[in-house]
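> What follows is the file entry_12.pdb, containing PDB, C-alpha atoms:
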ATOM      1  CA  MET O  67       0.000   0.000   0.000  1.00  0.00           C
ATOM      2  CA  THR O  68       1.324   3.369  -0.922  1.00  0.00           C
ATOM      3  CA  ALA O  69       0.095   6.916  -1.404  1.00  0.00           C
ATOM      4  CA  GLY O  70       0.778   8.837  -4.573  1.00  0.00           C
ATOM      5  CA  LEU O  71       0.090  12.189  -6.091  1.00  0.00           C
ATOM      6  CA  VAL O  72      -3.532  11.309  -6.876  1.00  0.00           C
ATOM      7  CA  ALA O  73      -4.255  10.523  -3.218  1.00  0.00           C
ATOM      8  CA  VAL O  74      -2.733  13.830  -2.151  1.00  0.00           C
ATOM      9  CA  LEU O  75      -4.801  15.714  -4.718  1.00  0.00           C
ATOM     10  CA  PHE O  76      -7.981  13.929  -3.574  1.00  0.00           C
ATOM     11  CA  VAL O  77      -7.346  14.992   0.026  1.00  0.00           C
ATOM     12  CA  ALA O  78      -6.671  18.551  -1.130  1.00  0.00           C
ATOM     13  CA  ALA O  79      -9.896  18.547  -3.154  1.00  0.00           C
ATOM     14  CA  GLY O  80     -11.850  17.355  -0.119  1.00  0.00           C
ATOM     15  CA  LEU O  81     -10.441  20.066   2.111  1.00  0.00           C
ATOM     16  CA  VAL O  82     -11.037  22.830  -0.427  1.00  0.00           C
ATOM     17  CA  ALA O  83     -14.601  21.706  -1.124  1.00  0.00           C
ATOM     18  CA  THR O  84     -15.379  21.363   2.590  1.00  0.00           C
ATOM     19  CA  GLY O  85     -14.062  24.870   3.202  1.00  0.00           C
ATOM     20  CA  ALA O  86     -16.179  26.242   0.365  1.00  0.00           C
ATOM     21  CA  PHE O  87     -19.174  24.411   1.828  1.00  0.00           C
ATOM     22  CA  VAL O  88     -18.573  25.955   5.269  1.00  0.00           C
ATOM     23  CA  CYS O  89     -18.275  29.429   3.744  1.00  0.00           C
ATOM     24  CA  ALA O  90     -21.485  29.012   1.764  1.00  0.00           C
ATOM     25  CA  TRP O  91     -23.637  27.080   4.196  1.00  0.00           C
ATOM     26  CA  ARG O  92     -23.178  28.576   7.668  1.00  0.00           C
ATOM     27  CA  ARG O  93     -25.481  31.456   8.551  1.00  0.00           C
ATOM     28  CA  ASP O  94     -23.105  32.924  11.158  1.00  0.00           C
ATOM     29  CA  LEU O  95     -20.358  34.748   9.258  1.00  0.00           C
ATOM     30  CA  THR O  96     -17.796  34.119  12.002  1.00  0.00           C
ATOM     31  CA  VAL O  97     -18.353  30.389  11.580  1.00  0.00           C
ATOM     32  CA  ALA O  98     -18.144  30.793   7.816  1.00  0.00           C
ATOM     33  CA  LEU O  99     -14.741  32.366   8.434  1.00  0.00           C
ATOM     34  CA  ALA O 100     -13.516  28.919   9.512  1.00  0.00           C
ATOM     35  CA  GLY O 101     -13.858  27.791   5.906  1.00  0.00           C
ATOM     36  CA  ILE O 102     -10.946  30.014   4.849  1.00  0.00           C
ATOM     37  CA  PRO O 103      -8.225  28.054   6.681  1.00  0.00           C
ATOM     38  CA  LEU O 104      -9.781  24.826   5.397  1.00  0.00           C
ATOM     39  CA  MET O 105      -9.557  25.995   1.784  1.00  0.00           C
ATOM     40  CA  PHE O 106      -6.050  27.353   2.251  1.00  0.00           C
ATOM     41  CA  ALA O 107      -4.975  24.104   3.929  1.00  0.00           C
ATOM     42  CA  GLY O 108      -6.297  22.143   0.956  1.00  0.00           C
ATOM     43  CA  ALA O 109      -4.488  24.376  -1.513  1.00  0.00           C
ATOM     44  CA  GLY O 110      -1.293  24.120   0.512  1.00  0.00           C
ATOM     45  CA  THR O 111      -1.591  20.339   0.602  1.00  0.00           C
ATOM     46  CA  ALA O 112      -1.886  20.245  -3.188  1.00  0.00           C
ATOM     47  CA  PHE O 113       1.140  22.517  -3.585  1.00  0.00           C
ATOM     48  CA  ALA O 114       3.242  20.505  -1.126  1.00  0.00           C
ATOM     49  CA  GLY O 115       2.183  17.223  -2.754  1.00  0.00           C
ATOM     50  CA  VAL O 116       2.963  18.319  -6.290  1.00  0.00           C
ATOM     51  CA  SER O 117       6.301  19.752  -5.231  1.00  0.00           C
ATOM     52  CA  ARG O 118       7.183  16.513  -3.467  1.00  0.00           C
ATOM     53  CA  PHE O 119       6.124  14.055  -6.139  1.00  0.00           C
ATOM     54  CA  ALA O 120       6.631  15.824  -9.436  1.00  0.00           C
ATOM     55  CA  ALA O 121       9.863  17.760  -9.138  1.00  0.00           C
ATOM     56  CA  ALA O 122      13.426  17.060 -10.083  1.00  0.00           C
ATOM     57  CA  PRO O 123      15.366  16.872  -6.809  1.00  0.00           C
ATOM     58  CA  ALA O 124      18.634  18.150  -8.204  1.00  0.00           C
ATOM     59  CA  ARG O 125      17.224  21.508  -9.262  1.00  0.00           C
ATOM     60  CA  GLY O 126      15.776  22.473  -5.925  1.00  0.00           C
ATOM     61  CA  ALA O 127      12.429  23.325  -7.461  1.00  0.00           C
ATOM     62  CA  GLN O 128      10.609  20.956  -5.118  1.00  0.00           C
ATOM     63  CA  LEU O 129      10.709  23.613  -2.429  1.00  0.00           C
ATOM     64  CA  LEU O 130       8.423  25.968  -4.332  1.00  0.00           C
ATOM     65  CA  GLY O 131       5.274  24.123  -3.246  1.00  0.00           C
ATOM     66  CA  GLN O 132       6.391  24.039   0.391  1.00  0.00           C
ATOM     67  CA  GLU O 133       7.061  27.755   0.191  1.00  0.00           C
ATOM     68  CA  VAL O 134       3.571  28.442  -1.142  1.00  0.00           C
ATOM     69  CA  ALA O 135       2.091  26.214   1.579  1.00  0.00           C
ATOM     70  CA  VAL O 136       3.887  28.270   4.249  1.00  0.00           C
ATOM     71  CA  LEU O 137       2.702  31.562   2.755  1.00  0.00           C
ATOM     72  CA  LEU O 138      -0.867  30.242   2.468  1.00  0.00           C
ATOM     73  CA  ALA O 139      -0.878  29.251   6.144  1.00  0.00           C
ATOM     74  CA  VAL O 140       0.267  32.737   7.190  1.00  0.00           C
ATOM     75  CA  ALA O 141      -2.294  34.360   4.883  1.00  0.00           C
ATOM     76  CA  ALA O 142      -5.074  32.170   6.338  1.00  0.00           C
ATOM     77  CA  LEU O 143      -4.167  33.235   9.868  1.00  0.00           C
ATOM     78  CA  ALA O 144      -4.134  36.882   8.774  1.00  0.00           C
ATOM     79  CA  ALA O 145      -7.568  36.550   7.180  1.00  0.00           C
ATOM     80  CA  VAL O 146      -9.020  34.978  10.318  1.00  0.00           C
ATOM     81  CA  VAL O 147      -7.472  37.668  12.544  1.00  0.00           C
ATOM     82  CA  LEU O 148      -9.015  40.409  10.426  1.00  0.00           C
ATOM     83  CA  GLY O 149     -12.376  38.637  10.281  1.00  0.00           C
ATOM     84  CA  VAL O 150     -12.528  38.059  14.033  1.00  0.00           C
ATOM     85  CA  GLY O 151     -11.546  41.690  14.595  1.00  0.00           C
ATOM     86  CA  LEU O 152     -14.291  42.960  12.329  1.00  0.00           C
ATOM     87  CA  ALA O 153     -16.794  40.547  13.879  1.00  0.00           C
ATOM     88  CA  GLY O 154     -15.811  41.849  17.308  1.00  0.00           C
ATOM     89  CA  ARG O 155     -16.734  45.313  16.152  1.00  0.00           C
ATOM     90  CA  GLU O 156     -19.997  44.464  14.421  1.00  0.00           C
ATOM     91  CA  GLY O 157     -21.249  41.345  16.122  1.00  0.00           C
ATOM     92  CA  ARG O 158     -22.955  40.343  19.332  1.00  0.00           C
ATOM     93  CA  ARG O 159     -22.060  37.750  21.946  1.00  0.00           C
TER      94      ARG O 159
ATOM     95  CA  MET Y  81       6.344   6.466  -0.146  1.00  0.00           C
ATOM     96  CA  ASP Y  82       7.587   3.950   2.354  1.00  0.00           C
ATOM     97  CA  THR Y  83       5.219   2.228   4.763  1.00  0.00           C
ATOM     98  CA  LEU Y  84       5.750   4.622   7.666  1.00  0.00           C
ATOM     99  CA  HIS Y  85       5.078   7.700   5.546  1.00  0.00           C
ATOM    100  CA  THR Y  86       2.054   6.018   3.966  1.00  0.00           C
ATOM    101  CA  ILE Y  87       0.531   5.183   7.353  1.00  0.00           C
ATOM    102  CA  GLY Y  88       1.180   8.735   8.524  1.00  0.00           C
ATOM    103  CA  PHE Y  89      -0.382  10.114   5.376  1.00  0.00           C
ATOM    104  CA  TYR Y  90      -3.618   8.141   5.712  1.00  0.00           C
ATOM    105  CA  VAL Y  91      -3.947   8.762   9.451  1.00  0.00           C
ATOM    106  CA  SER Y  92      -3.400  12.487   8.894  1.00  0.00           C
ATOM    107  CA  THR Y  93      -5.907  12.414   6.054  1.00  0.00           C
ATOM    108  CA  ALA Y  94      -8.542  10.856   8.298  1.00  0.00           C
ATOM    109  CA  ILE Y  95      -7.890  13.401  11.068  1.00  0.00           C
ATOM    110  CA  SER Y  96      -7.964  16.425   8.771  1.00  0.00           C
ATOM    111  CA  VAL Y  97     -11.056  15.415   6.768  1.00  0.00           C
ATOM    112  CA  ALA Y  98     -12.988  14.407   9.904  1.00  0.00           C
ATOM    113  CA  GLY Y  99     -12.022  17.696  11.531  1.00  0.00           C
ATOM    114  CA  ALA Y 100     -13.094  19.662   8.468  1.00  0.00           C
ATOM    115  CA  LEU Y 101     -16.492  17.945   8.384  1.00  0.00           C
ATOM    116  CA  SER Y 102     -16.870  18.605  12.116  1.00  0.00           C
ATOM    117  CA  VAL Y 103     -16.154  22.295  11.532  1.00  0.00           C
ATOM    118  CA  ALA Y 104     -18.917  22.273   8.940  1.00  0.00           C
ATOM    119  CA  PHE Y 105     -21.589  20.626  11.072  1.00  0.00           C
ATOM    120  CA  LEU Y 106     -20.873  21.108  14.808  1.00  0.00           C
ATOM    121  CA  PRO Y 107     -23.109  23.736  16.453  1.00  0.00           C
ATOM    122  CA  ASP Y 108     -20.913  24.691  19.441  1.00  0.00           C
ATOM    123  CA  ARG Y 109     -18.014  27.105  18.913  1.00  0.00           C
ATOM    124  CA  ARG Y 110     -15.675  25.377  21.372  1.00  0.00           C
ATOM    125  CA  ARG Y 111     -16.146  22.033  19.665  1.00  0.00           C
ATOM    126  CA  ARG Y 112     -15.642  23.714  16.310  1.00  0.00           C
ATOM    127  CA  GLY Y 113     -12.402  25.151  17.653  1.00  0.00           C
ATOM    128  CA  VAL Y 114     -11.271  21.699  18.743  1.00  0.00           C
ATOM    129  CA  ALA Y 115     -12.219  20.356  15.302  1.00  0.00           C
ATOM    130  CA  LEU Y 116     -10.216  23.112  13.587  1.00  0.00           C
ATOM    131  CA  GLY Y 117      -7.308  22.235  15.882  1.00  0.00           C
ATOM    132  CA  ALA Y 118      -7.639  18.639  14.688  1.00  0.00           C
ATOM    133  CA  VAL Y 119      -7.492  19.940  11.110  1.00  0.00           C
ATOM    134  CA  ALA Y 120      -4.283  21.793  12.016  1.00  0.00           C
ATOM    135  CA  ILE Y 121      -2.758  18.603  13.419  1.00  0.00           C
ATOM    136  CA  GLY Y 122      -3.918  16.583  10.424  1.00  0.00           C
ATOM    137  CA  VAL Y 123      -2.582  19.058   7.867  1.00  0.00           C
ATOM    138  CA  ALA Y 124       0.729  19.262   9.739  1.00  0.00           C
ATOM    139  CA  GLY Y 125       0.891  15.467   9.616  1.00  0.00           C
ATOM    140  CA  LEU Y 126       0.149  15.540   5.894  1.00  0.00           C
ATOM    141  CA  TYR Y 127       2.985  17.998   5.303  1.00  0.00           C
ATOM    142  CA  LEU Y 128       5.281  15.903   7.482  1.00  0.00           C
ATOM    143  CA  SER Y 129       4.489  12.756   5.519  1.00  0.00           C
ATOM    144  CA  LEU Y 130       5.258  14.749   2.360  1.00  0.00           C
ATOM    145  CA  SER Y 131       8.711  15.541   3.803  1.00  0.00           C
ATOM    146  CA  ALA Y 132       7.795  19.196   4.358  1.00  0.00           C
ATOM    147  CA  GLY Y 133       8.773  19.467   8.029  1.00  0.00           C
ATOM    148  CA  PHE Y 134       9.157  23.226   8.221  1.00  0.00           C
ATOM    149  CA  ALA Y 135       5.846  23.791   6.430  1.00  0.00           C
ATOM    150  CA  ALA Y 136       4.280  21.365   8.931  1.00  0.00           C
ATOM    151  CA  LEU Y 137       5.480  23.460  11.871  1.00  0.00           C
ATOM    152  CA  VAL Y 138       4.218  26.691  10.312  1.00  0.00           C
ATOM    153  CA  ALA Y 139       0.878  25.091   9.412  1.00  0.00           C
ATOM    154  CA  LEU Y 140       0.454  23.752  12.942  1.00  0.00           C
ATOM    155  CA  ALA Y 141       1.105  27.211  14.415  1.00  0.00           C
ATOM    156  CA  CYS Y 142      -1.043  29.147  11.928  1.00  0.00           C
ATOM    157  CA  TYR Y 143      -4.053  26.828  11.660  1.00  0.00           C
ATOM    158  CA  GLY Y 144      -3.872  26.184  15.414  1.00  0.00           C
ATOM    159  CA  GLY Y 145      -3.935  29.942  15.896  1.00  0.00           C
ATOM    160  CA  CYS Y 146      -7.038  30.111  13.704  1.00  0.00           C
ATOM    161  CA  ALA Y 147      -8.654  27.482  15.927  1.00  0.00           C
ATOM    162  CA  VAL Y 148      -7.803  29.409  19.104  1.00  0.00           C
ATOM    163  CA  LEU Y 149      -9.162  32.631  17.627  1.00  0.00           C
ATOM    164  CA  LEU Y 150     -12.422  31.068  16.472  1.00  0.00           C
ATOM    165  CA  ALA Y 151     -13.007  29.259  19.771  1.00  0.00           C
ATOM    166  CA  GLY Y 152     -11.795  31.999  22.088  1.00  0.00           C
ATOM    167  CA  PRO Y 153     -13.573  34.784  23.965  1.00  0.00           C
ATOM    168  CA  ALA Y 154     -13.174  37.217  21.037  1.00  0.00           C
ATOM    169  CA  TYR Y 155     -15.838  35.271  19.135  1.00  0.00           C
ATOM    170  CA  ARG Y 156     -18.945  37.269  18.167  1.00  0.00           C
ATOM    171  CA  ILE Y 157     -22.010  36.243  16.203  1.00  0.00           C
ATOM    172  CA  VAL Y 158     -22.578  38.055  12.907  1.00  0.00           C
ATOM    173  CA  GLU Y 159     -25.759  36.986  11.164  1.00  0.00           C
ATOM    174  CA  SER Y 160     -25.658  36.778   7.396  1.00  0.00           C
ATOM    175  CA  VAL Y 161     -28.288  38.597   5.378  1.00  0.00           C
ATOM    176  CA  THR Y 162     -28.043  36.019   2.603  1.00  0.00           C
ATOM    177  CA  GLY Y 163     -31.227  34.042   2.074  1.00  0.00           C
ATOM    178  CA  THR Y 164     -31.576  30.314   2.544  1.00  0.00           C
ATOM    179  CA  ILE Y 165     -31.926  29.631  -1.157  1.00  0.00           C
ATOM    180  CA  TRP Y 166     -28.581  31.301  -1.890  1.00  0.00           C
ATOM    181  CA  ARG Y 167     -26.863  29.344   0.870  1.00  0.00           C
ATOM    182  CA  GLN Y 168     -28.303  26.129  -0.554  1.00  0.00           C
ATOM    183  CA  LEU Y 169     -27.100  27.100  -4.016  1.00  0.00           C
ATOM    184  CA  GLY Y 170     -23.658  27.775  -2.521  1.00  0.00           C
ATOM    185  CA  ALA Y 171     -23.634  24.341  -0.910  1.00  0.00           C
ATOM    186  CA  ILE Y 172     -24.555  22.740  -4.238  1.00  0.00           C
ATOM    187  CA  ALA Y 173     -21.770  24.742  -5.899  1.00  0.00           C
ATOM    188  CA  ALA Y 174     -19.343  23.422  -3.263  1.00  0.00           C
ATOM    189  CA  ALA Y 175     -20.416  19.877  -4.174  1.00  0.00           C
ATOM    190  CA  GLY Y 176     -19.829  20.708  -7.837  1.00  0.00           C
ATOM    191  CA  LEU Y 177     -16.397  22.055  -6.903  1.00  0.00           C
ATOM    192  CA  LEU Y 178     -15.602  18.778  -5.151  1.00  0.00           C
ATOM    193  CA  ILE Y 179     -16.607  16.808  -8.243  1.00  0.00           C
ATOM    194  CA  ALA Y 180     -14.538  19.016 -10.544  1.00  0.00           C
ATOM    195  CA  LEU Y 181     -11.464  18.880  -8.303  1.00  0.00           C
ATOM    196  CA  ALA Y 182     -11.803  15.112  -7.854  1.00  0.00           C
ATOM    197  CA  TYR Y 183     -12.047  14.729 -11.637  1.00  0.00           C
ATOM    198  CA  ALA Y 184      -8.870  16.791 -12.042  1.00  0.00           C
ATOM    199  CA  ALA Y 185      -7.144  14.830  -9.275  1.00  0.00           C
ATOM    200  CA  TYR Y 186      -8.086  11.519 -10.934  1.00  0.00           C
ATOM    201  CA  PHE Y 187      -6.325  12.599 -14.093  1.00  0.00           C
ATOM    202  CA  GLY Y 188      -3.315  13.582 -12.027  1.00  0.00           C
ATOM    203  CA  ALA Y 189      -2.393   9.913 -12.498  1.00  0.00           C
ATOM    204  CA  LEU Y 190      -1.406  10.758 -16.064  1.00  0.00           C
ATOM    205  CA  HIS Y 191       1.536  12.683 -14.670  1.00  0.00           C
ATOM    206  CA  ARG Y 192       4.563  10.522 -14.059  1.00  0.00           C
ATOM    207  CA  ALA Y 193       5.208  11.031 -10.381  1.00  0.00           C
ATOM    208  CA  THR Y 194       8.207   9.923  -8.393  1.00  0.00           C
ATOM    209  CA  TYR Y 195       8.588  10.273  -4.651  1.00  0.00           C
ATOM    210  CA  PHE Y 196      11.633  12.167  -3.488  1.00  0.00           C
ATOM    211  CA  GLY Y 197      11.827  11.894   0.277  1.00  0.00           C
ATOM    212  CA  GLY Y 198      13.983  14.525   1.848  1.00  0.00           C
ATOM    213  CA  ASP Y 199      15.183  16.114   5.046  1.00  0.00           C
ATOM    214  CA  PHE Y 200      13.546  18.811   7.144  1.00  0.00           C
ATOM    215  CA  GLY Y 201      14.635  21.509   4.704  1.00  0.00           C
ATOM    216  CA  SER Y 202      14.218  24.628   6.824  1.00  0.00           C
ATOM    217  CA  ALA Y 203      17.497  26.205   5.655  1.00  0.00           C
ATOM    218  CA  ALA Y 204      16.765  25.641   1.975  1.00  0.00           C
ATOM    219  CA  LEU Y 205      13.186  26.840   2.407  1.00  0.00           C
ATOM    220  CA  GLY Y 206      14.430  29.915   4.256  1.00  0.00           C
ATOM    221  CA  ARG Y 207      16.786  30.698   1.381  1.00  0.00           C
ATOM    222  CA  ARG Y 208      13.856  30.478  -1.036  1.00  0.00           C
ATOM    223  CA  LEU Y 209      11.604  32.610   1.164  1.00  0.00           C
ATOM    224  CA  PHE Y 210      14.091  35.352   1.964  1.00  0.00           C
ATOM    225  CA  ALA Y 211      16.359  35.350  -1.097  1.00  0.00           C
ATOM    226  CA  HIS Y 212      14.837  33.795  -4.204  1.00  0.00           C
ATOM    227  CA  ASP Y 213      11.191  34.731  -3.604  1.00  0.00           C
ATOM    228  CA  ALA Y 214      11.631  37.615  -1.199  1.00  0.00           C
ATOM    229  CA  LEU Y 215       8.935  39.660  -2.921  1.00  0.00           C
ATOM    230  CA  ALA Y 216       6.249  37.077  -2.078  1.00  0.00           C
ATOM    231  CA  THR Y 217       7.426  36.958   1.531  1.00  0.00           C
ATOM    232  CA  GLU Y 218       7.348  40.737   1.752  1.00  0.00           C
ATOM    233  CA  ALA Y 219       3.852  40.774   0.257  1.00  0.00           C
ATOM    234  CA  VAL Y 220       2.610  38.369   2.921  1.00  0.00           C
ATOM    235  CA  ALA Y 221       4.406  40.386   5.607  1.00  0.00           C
ATOM    236  CA  ALA Y 222       2.668  43.543   4.356  1.00  0.00           C
ATOM    237  CA  LEU Y 223      -0.628  41.662   4.416  1.00  0.00           C
ATOM    238  CA  VAL Y 224      -0.031  40.650   8.027  1.00  0.00           C
ATOM    239  CA  VAL Y 225       0.798  44.241   9.014  1.00  0.00           C
ATOM    240  CA  VAL Y 226      -2.334  45.571   7.298  1.00  0.00           C
ATOM    241  CA  VAL Y 227      -4.447  42.883   8.965  1.00  0.00           C
ATOM    242  CA  LEU Y 228      -3.053  43.612  12.414  1.00  0.00           C
ATOM    243  CA  VAL Y 229      -3.582  47.358  11.982  1.00  0.00           C
ATOM    244  CA  GLY Y 230      -7.125  46.743  10.692  1.00  0.00           C
ATOM    245  CA  ALA Y 231      -8.030  44.381  13.509  1.00  0.00           C
ATOM    246  CA  THR Y 232      -6.595  46.788  16.093  1.00  0.00           C
ATOM    247  CA  ALA Y 233      -8.524  49.686  14.561  1.00  0.00           C
ATOM    248  CA  ALA Y 234     -11.731  47.643  14.592  1.00  0.00           C
ATOM    249  CA  TRP Y 235     -11.322  46.688  18.239  1.00  0.00           C
ATOM    250  CA  SER Y 236     -10.368  50.214  19.348  1.00  0.00           C
ATOM    251  CA  ALA Y 237     -13.370  51.670  17.461  1.00  0.00           C
ATOM    252  CA  LYS Y 238     -15.581  49.230  19.330  1.00  0.00           C
ATOM    253  CA  ASP Y 239     -14.029  50.207  22.671  1.00  0.00           C
ATOM    254  CA  ARG Y 240     -14.670  53.891  21.944  1.00  0.00           C
ATOM    255  CA  GLY Y 241     -18.290  53.086  21.192  1.00  0.00           C
ATOM    256  CA  ARG Y 242     -18.875  51.581  24.632  1.00  0.00           C
TER     257      ARG Y 242
END
When written as structure tokens, how does the structure in this file appear?

Amino acid sequence: MTAGLVAVLFVAAGLVATGAFVCAWRRDLTVALAGIPLMFAGAGTAFAGVSRFAAAPARGAQLLGQEVAVLLAVAALAAVVLGVGLAGREGRR
Amino acid sequence: MDTLHTIGFYVSTAISVAGALSVAFLPDRRRRGVALGAVAIGVAGLYLSLSAGFAALVALACYGGCAVLLAGPAYRIVESVTGTIWRQLGAIAAAGLLIALAYAAYFGALHRATYFGGDFGSAALGRRLFAHDALATEAVAALVVVVLVGATAAWSAKDRGR
């Protein structure tokens, strides 16, 4: 039993679609905000998987996907911080 | 992948997908926070099984931080003005997105893929982030600064309104 690029892409697709579902389905916008890190995590998983499986190791290009995954994680945290801050201003307990 | 990485990959997959579905359907914010924390652990495990150790650490910190924020005392309820029919259409569109992405992933098998296991890679990744692709790093840093200033301004405006 092994896991290949297709398995990684399936997991990434599931995370992205679940995040989109959370953003679209939840009535509370602060809950819908939780879909953003899910989508970014799925995209980062796809980038990290492709960079790991489909790159030539001698050229160092396999790090590009990891780099994008790191930047996506930071951007997701920034988006949630801004959303929670705005919700704290506009929302109710 | 070798057996250890494969087991780690599938266990992390189960944790992350179960956590994501729990985020979608759990009604309580604390449980949703725990579920998002499980997603953070699962995604970090996925990155680790893909030999992306540094990305795993960053993902654990960032997505864990998202979980803490969304489960913490700063949480406020903001009701959406979008109607039920539009939310249902959005959910159907998310299902369509899943089908389209799964279709694309299935044909990812056409690509000849070879596994290159590697080391932790923090030094090489740091060189890419701060030397080769410094502009992208600076863009994300600017985004973080703008977000922190915006969130601080939003909170201080609320405090003045009290």
> For the interface of chain Y with chain O (cut-off 6 Å, counting all atoms listed in the file), please tabulate each contacting residue of chain Y alongside its nearest pair of atoms and their separation in Å to one decimal, rows sorted by chain and increasing number, as a Markdown table.

| residue | atom | partner | partner_atom | distance |
| --- | --- | --- | --- | --- |
| Y:Met81 | CA | O:Thr68 | CA | 5.9 |
| Y:Thr86 | CA | O:Thr68 | CA | 5.6 |
| Y:Ala104 | CA | O:Val88 | CA | 5.2 |
| Y:Ala135 | CA | O:Val136 | CA | 5.4 |
| Y:Ala139 | CA | O:Ala139 | CA | 5.6 |
| Y:Cys142 | CA | O:Leu143 | CA | 5.5 |
| Y:Cys146 | CA | O:Leu143 | CA | 5.7 |
| Y:Arg156 | CA | O:Arg159 | CA | 4.9 |
| Y:Ile157 | CA | O:Gly157 | CA | 5.2 |
| Y:Val158 | CA | O:Gly157 | CA | 4.8 |
| Y:Glu159 | CA | O:Asp94 | CA | 4.9 |
| Y:Ser160 | CA | O:Arg93 | CA | 5.4 |
| Y:Arg167 | CA | O:Trp91 | CA | 5.2 |
| Y:Gly170 | CA | O:Ala90 | CA | 5.0 |
| Y:Ala171 | CA | O:Phe87 | CA | 5.2 |
| Y:Ala174 | CA | O:Phe87 | CA | 5.2 |
| Y:Leu178 | CA | O:Ala83 | CA | 5.1 |
| Y:Leu181 | CA | O:Ala79 | CA | 5.4 |
| Y:Ala182 | CA | O:Phe76 | CA | 5.9 |
| Y:Ala185 | CA | O:Leu75 | CA | 5.2 |
| Y:Gly188 | CA | O:Val72 | CA | 5.6 |
| Y:Ala189 | CA | O:Val72 | CA | 5.9 |
| Y:Ala193 | CA | O:Ala120 | CA | 5.1 |
| Y:Thr194 | CA | O:Phe119 | CA | 5.1 |
| Y:Tyr195 | CA | O:Phe119 | CA | 4.8 |
| Y:Val224 | CA | O:Ala144 | CA | 5.6 |
| Y:Val227 | CA | O:Leu148 | CA | 5.4 |
| Y:Ala231 | CA | O:Gly151 | CA | 4.6 |
| Y:Ala234 | CA | O:Arg155 | CA | 5.7 |
| Y:Trp235 | CA | O:Arg155 | CA | 6.0 |
| Y:Lys238 | CA | O:Arg155 | CA | 5.2 |
> Take the point (11.9, 24.9, 6.0) as written in the file and pick out every residue within 10 Å of it, counting all atoms listed in the file; give the list as a PyMOL selection string.
(chain O and resi 129+132-133+136) or (chain Y and resi 132-138+199-209)
> For atom CA of Y:Thr83 and atom CA of Y:Val97, determine how far apart the two atoms are, in Å to one decimal place.
21.0 Å
> Counting all atoms listed in the file, which residue out of Y:Leu128, Y:Val114, Y:Ala222, Y:Ala180 sits closest to Y:Gly152?
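Comparing Y:Leu128, Y:Val114, Y:Ala222, Y:Ala180 against Y:Gly152, the winner is Y:Val114.
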> Have a look at atom CA of Y:Ser131 and atom CA of Y:Ser92 and let me know their distance in Å, one decimal.
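Here the two named atoms are 13.5 Å from each other.
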> Record the distance separating atom CA of Y:Gly113 and atom CA of Y:Gln168, expressed in Å with one decimal.
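Rounded to one decimal, the two atoms are 24.2 Å apart.
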> Report, as lines of an AutoDock Vina configuration file, the axis-aligned box around all atoms of stretch 89-105 of chain O present in the file, extended by 8 Å on each side; give centre and edge lengths in Å to one decimal place.

center_x = -16.9
center_y = 29.8
center_z = 6.9
size_x = 33.3
size_y = 25.9
size_z = 26.2
> Evaluate the PyMOL selection byres ((chain Y and resi 124) around 6) here and jot the selected residues down as a VMD selection string.
chain Y and resid 121 to 123 125 to 127 136 139 to 140
